[in-house]
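Scroll down for the structure; my scribbles are underneath it.
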Amino acid sequence: MTNYTSKPQALGDLLNRHLRQTGLETPLLQHSIMSKWQEVAGEQVSKYTEELSIRNQTLYVKITHAALRADLSMMRKQLTERLNQAVESMVITDIKFY
């Protein structure tokens, strides 16, 4: 008969630990941040968004409309906070618009 001495653990906790141990947690969270862009920034902003990428905890966003790019630059901190809240993790520390 098998004796199980460990306490039951939530499946989500086990999965998160496995993702962290295998190095997949960060890429998954980065993908989640980019997929939340339209929801957080809004549909109108998304129409002018061409590219999204993350390097060194910075989200790079290509915006095709110059005036919108300037407006969004002033909202960087708020957008960063909202995106991190959307994925419930500190994934990015800044956003650069180009």
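Please note that chains go A, B, ... in the order of the structure tokens, that every chain numbers its residues from 1, and that ligands are numbered from 1 in the order shown.
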Do a neighbour search on Gln57 of chain A at 7 Å with only C-alpha atoms, toss out local chain neighbours closer than 4 positions, and write the hits as a CSV table (one decimal) with N, CA and C atoms, in the first residue's frame.
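Output below, filename result.csv:
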```
chain,number,residue,atom,x,y,z
A,91,VAL,N,4.9,41.9,-15.1
A,91,VAL,CA,5.6,41.4,-16.3
A,91,VAL,C,6.4,42.5,-16.9
A,92,ILE,N,5.8,43.7,-17.0
A,92,ILE,CA,6.5,44.8,-17.7
A,92,ILE,C,6.7,46.0,-16.7
A,93,THR,N,7.8,46.8,-16.9
A,93,THR,CA,8.0,47.9,-16.1
A,93,THR,C,7.9,49.2,-16.8
A,94,ASP,N,7.8,49.2,-18.2
A,94,ASP,CA,7.7,50.4,-19.0
A,94,ASP,C,7.1,50.0,-20.4
```
Backbone-only DSSP, strand (DSSP E) members of chain A, as a PyMOL selection string = chain A and resi 49-55+58-63+94-97
Writing out the chosen residues with all heavy atoms as a compact mmCIF listing (two decimals), in the first residue's frame:
```txt
# COMPACT_ATOMS: atom_id res chain seq x y z
N THR A 49 -2.28 50.11 -33.94
CA THR A 49 -1.17 49.31 -33.42
C THR A 49 -0.74 48.32 -34.48
O THR A 49 -1.56 47.56 -34.98
CB THR A 49 -1.59 48.55 -32.14
OG1 THR A 49 -2.03 49.49 -31.17
CG2 THR A 49 -0.44 47.74 -31.59
N GLU A 50 0.56 48.34 -34.82
CA GLU A 50 1.06 47.40 -35.82
C GLU A 50 1.89 46.28 -35.23
O GLU A 50 1.82 45.16 -35.71
CB GLU A 50 1.89 48.13 -36.88
CG GLU A 50 1.04 48.82 -37.91
CD GLU A 50 1.82 49.24 -39.14
OE1 GLU A 50 3.05 49.05 -39.17
OE2 GLU A 50 1.19 49.76 -40.06
N GLU A 51 2.70 46.58 -34.23
CA GLU A 51 3.58 45.56 -33.67
C GLU A 51 3.65 45.68 -32.15
O GLU A 51 3.59 46.78 -31.62
CB GLU A 51 5.01 45.71 -34.20
CG GLU A 51 5.17 45.48 -35.68
CD GLU A 51 6.59 45.76 -36.15
OE1 GLU A 51 7.52 45.68 -35.33
OE2 GLU A 51 6.76 46.05 -37.34
N LEU A 52 3.81 44.54 -31.50
CA LEU A 52 4.03 44.48 -30.05
C LEU A 52 5.18 43.51 -29.80
O LEU A 52 5.23 42.43 -30.39
CB LEU A 52 2.79 43.94 -29.33
CG LEU A 52 1.52 44.76 -29.37
CD1 LEU A 52 0.35 43.95 -28.86
CD2 LEU A 52 1.68 46.00 -28.52
N SER A 53 6.09 43.89 -28.94
CA SER A 53 7.16 42.98 -28.52
C SER A 53 7.61 43.38 -27.12
O SER A 53 7.38 44.51 -26.68
CB SER A 53 8.33 43.01 -29.49
OG SER A 53 8.94 44.28 -29.50
N ILE A 54 8.23 42.45 -26.42
CA ILE A 54 8.73 42.72 -25.08
C ILE A 54 10.21 42.34 -25.04
O ILE A 54 10.59 41.24 -25.45
CB ILE A 54 7.96 41.92 -24.01
CG1 ILE A 54 6.50 42.34 -23.98
CG2 ILE A 54 8.60 42.12 -22.63
CD1 ILE A 54 5.64 41.56 -23.01
N ARG A 55 11.02 43.28 -24.54
CA ARG A 55 12.44 43.05 -24.31
C ARG A 55 12.81 43.72 -23.00
O ARG A 55 12.46 44.88 -22.77
CB ARG A 55 13.29 43.64 -25.44
CG ARG A 55 13.22 42.87 -26.74
CD ARG A 55 14.20 43.40 -27.78
NE ARG A 55 14.12 44.83 -28.00
CZ ARG A 55 13.30 45.44 -28.87
NH1 ARG A 55 12.46 44.73 -29.57
NH2 ARG A 55 13.31 46.75 -29.00
N THR A 58 10.27 45.65 -20.99
CA THR A 58 9.70 46.83 -21.64
C THR A 58 8.85 46.37 -22.82
O THR A 58 9.32 45.60 -23.66
CB THR A 58 10.79 47.79 -22.13
OG1 THR A 58 11.56 48.21 -21.01
CG2 THR A 58 10.20 49.01 -22.82
N LEU A 59 7.61 46.84 -22.86
CA LEU A 59 6.72 46.55 -23.97
C LEU A 59 6.94 47.60 -25.05
O LEU A 59 6.85 48.80 -24.78
CB LEU A 59 5.25 46.58 -23.51
CG LEU A 59 4.18 46.39 -24.58
CD1 LEU A 59 4.28 45.02 -25.24
CD2 LEU A 59 2.80 46.61 -23.98
N TYR A 60 7.28 47.16 -26.26
CA TYR A 60 7.47 48.06 -27.40
C TYR A 60 6.24 47.97 -28.28
O TYR A 60 5.83 46.88 -28.68
CB TYR A 60 8.73 47.67 -28.18
CG TYR A 60 9.99 47.94 -27.41
CD1 TYR A 60 10.51 47.00 -26.53
CD2 TYR A 60 10.66 49.16 -27.55
CE1 TYR A 60 11.65 47.25 -25.81
CE2 TYR A 60 11.81 49.42 -26.83
CZ TYR A 60 12.30 48.45 -25.96
OH TYR A 60 13.45 48.72 -25.24
N VAL A 61 5.64 49.14 -28.56
CA VAL A 61 4.40 49.18 -29.31
C VAL A 61 4.57 50.14 -30.49
O VAL A 61 4.89 51.31 -30.31
CB VAL A 61 3.22 49.67 -28.44
CG1 VAL A 61 1.92 49.63 -29.21
CG2 VAL A 61 3.12 48.85 -27.16
N LYS A 62 4.36 49.61 -31.70
CA LYS A 62 4.42 50.45 -32.90
C LYS A 62 3.04 51.03 -33.16
O LYS A 62 2.08 50.30 -33.43
CB LYS A 62 4.91 49.66 -34.10
CG LYS A 62 5.06 50.52 -35.34
CD LYS A 62 5.66 49.74 -36.49
CE LYS A 62 5.88 50.65 -37.68
NZ LYS A 62 6.44 49.90 -38.82
N ILE A 63 2.95 52.35 -33.07
CA ILE A 63 1.69 53.07 -33.31
C ILE A 63 1.86 53.90 -34.58
O ILE A 63 2.83 54.65 -34.71
CB ILE A 63 1.35 54.00 -32.11
CG1 ILE A 63 1.22 53.20 -30.81
CG2 ILE A 63 0.10 54.82 -32.38
CD1 ILE A 63 0.03 52.29 -30.74
N ASP A 94 7.78 49.16 -18.18
CA ASP A 94 7.66 50.37 -19.00
C ASP A 94 7.08 50.00 -20.36
O ASP A 94 7.07 48.83 -20.76
CB ASP A 94 9.04 51.02 -19.18
CG ASP A 94 8.96 52.46 -19.65
OD1 ASP A 94 7.85 53.04 -19.68
OD2 ASP A 94 10.02 53.02 -20.00
N ILE A 95 6.63 51.04 -21.06
CA ILE A 95 6.14 50.88 -22.44
C ILE A 95 6.84 51.95 -23.27
O ILE A 95 6.90 53.11 -22.87
CB ILE A 95 4.62 51.06 -22.55
CG1 ILE A 95 3.89 50.06 -21.65
CG2 ILE A 95 4.15 50.92 -24.00
CD1 ILE A 95 2.37 50.25 -21.61
N LYS A 96 7.34 51.54 -24.43
CA LYS A 96 7.94 52.48 -25.37
C LYS A 96 7.11 52.45 -26.65
O LYS A 96 6.85 51.38 -27.21
CB LYS A 96 9.39 52.09 -25.72
CG LYS A 96 10.31 51.99 -24.55
CD LYS A 96 10.78 53.33 -24.12
CE LYS A 96 11.80 53.14 -23.00
NZ LYS A 96 12.15 54.31 -22.30
N PHE A 97 6.68 53.63 -27.08
CA PHE A 97 5.91 53.75 -28.32
C PHE A 97 6.82 54.27 -29.42
O PHE A 97 7.61 55.17 -29.20
CB PHE A 97 4.72 54.68 -28.12
CG PHE A 97 3.76 54.19 -27.07
CD1 PHE A 97 3.81 54.67 -25.77
CD2 PHE A 97 2.82 53.23 -27.38
CE1 PHE A 97 2.93 54.21 -24.80
CE2 PHE A 97 1.93 52.75 -26.42
CZ PHE A 97 2.00 53.25 -25.13
```
Could you give me, as a ChimeraX atom specification, the residues within 7 Å of Leu83 of chain A, counting only C-alpha atoms and dropping anything in the same chain fewer than 4 positions from it?
-> /A:33,36,40,79,87
Once DSSP has gone over the backbone, tell me which residues of chain A are in alpha helix (DSSP H), as a ChimeraX atom specification.
-> /A:11-21,25-35,37-41,43-47,66-74,76-87
Which of these residues is nearest to Ser89 of chain A, using only C-alpha atoms: A:Gln38, A:Ser6, A:Glu25, A:Gly12?
->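 Looking at the shortest contact to Ser89 of chain A, the residue is A:Glu25.
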Polymer residues at most 12 Å from Ala67 of chain A, only C-alpha atoms, same-chain spacing of 5 or more positions, as a list in words |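 Contacts, with the query itself left out: Val45, Tyr48, Leu72, Ser73, Met74, Phe97 and Tyr98 of chain A.
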Print the selection's residues with N, CA, C and O atoms to a file, as an mmCIF file, in the first residue's frame.
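As written to disk, again-v7.cif reads:
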```cif
data_model
loop_
_atom_site.group_PDB
_atom_site.id
_atom_site.type_symbol
_atom_site.label_atom_id
_atom_site.label_comp_id
_atom_site.auth_asym_id
_atom_site.auth_seq_id
_atom_site.Cartn_x
_atom_site.Cartn_y
_atom_site.Cartn_z
ATOM 1 N N VAL A 45 -7.363 52.423 -30.228
ATOM 2 C CA VAL A 45 -5.900 52.410 -30.183
ATOM 3 C C VAL A 45 -5.369 51.196 -30.939
ATOM 4 O O VAL A 45 -4.379 51.282 -31.675
ATOM 5 N N TYR A 48 -4.565 51.355 -34.639
ATOM 6 C CA TYR A 48 -3.325 52.021 -35.036
ATOM 7 C C TYR A 48 -2.086 51.293 -34.511
ATOM 8 O O TYR A 48 -0.970 51.799 -34.643
ATOM 9 N N LEU A 72 -0.358 58.482 -25.947
ATOM 10 C CA LEU A 72 -0.109 57.239 -25.233
ATOM 11 C C LEU A 72 1.187 57.311 -24.422
ATOM 12 O O LEU A 72 1.271 56.735 -23.336
ATOM 13 N N SER A 73 2.158 58.016 -24.928
ATOM 14 C CA SER A 73 3.423 58.166 -24.196
ATOM 15 C C SER A 73 3.198 58.823 -22.844
ATOM 16 O O SER A 73 3.873 58.493 -21.863
ATOM 17 N N MET A 74 2.252 59.734 -22.789
ATOM 18 C CA MET A 74 1.937 60.399 -21.521
ATOM 19 C C MET A 74 1.152 59.493 -20.575
ATOM 20 O O MET A 74 1.068 59.768 -19.385
ATOM 21 N N PHE A 97 6.680 53.628 -27.080
ATOM 22 C CA PHE A 97 5.910 53.749 -28.320
ATOM 23 C C PHE A 97 6.821 54.266 -29.415
ATOM 24 O O PHE A 97 7.605 55.170 -29.196
ATOM 25 N N TYR A 98 6.701 53.696 -30.583
ATOM 26 C CA TYR A 98 7.507 54.143 -31.729
ATOM 27 C C TYR A 98 6.672 54.126 -32.982
ATOM 28 O O TYR A 98 5.580 53.615 -33.004
#
```
Point-to-point distance in Å for atom CA of Gln9 of chain A and atom CA of Met90 of chain A =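 Distance reported for this atom pair: 24.1 Å.
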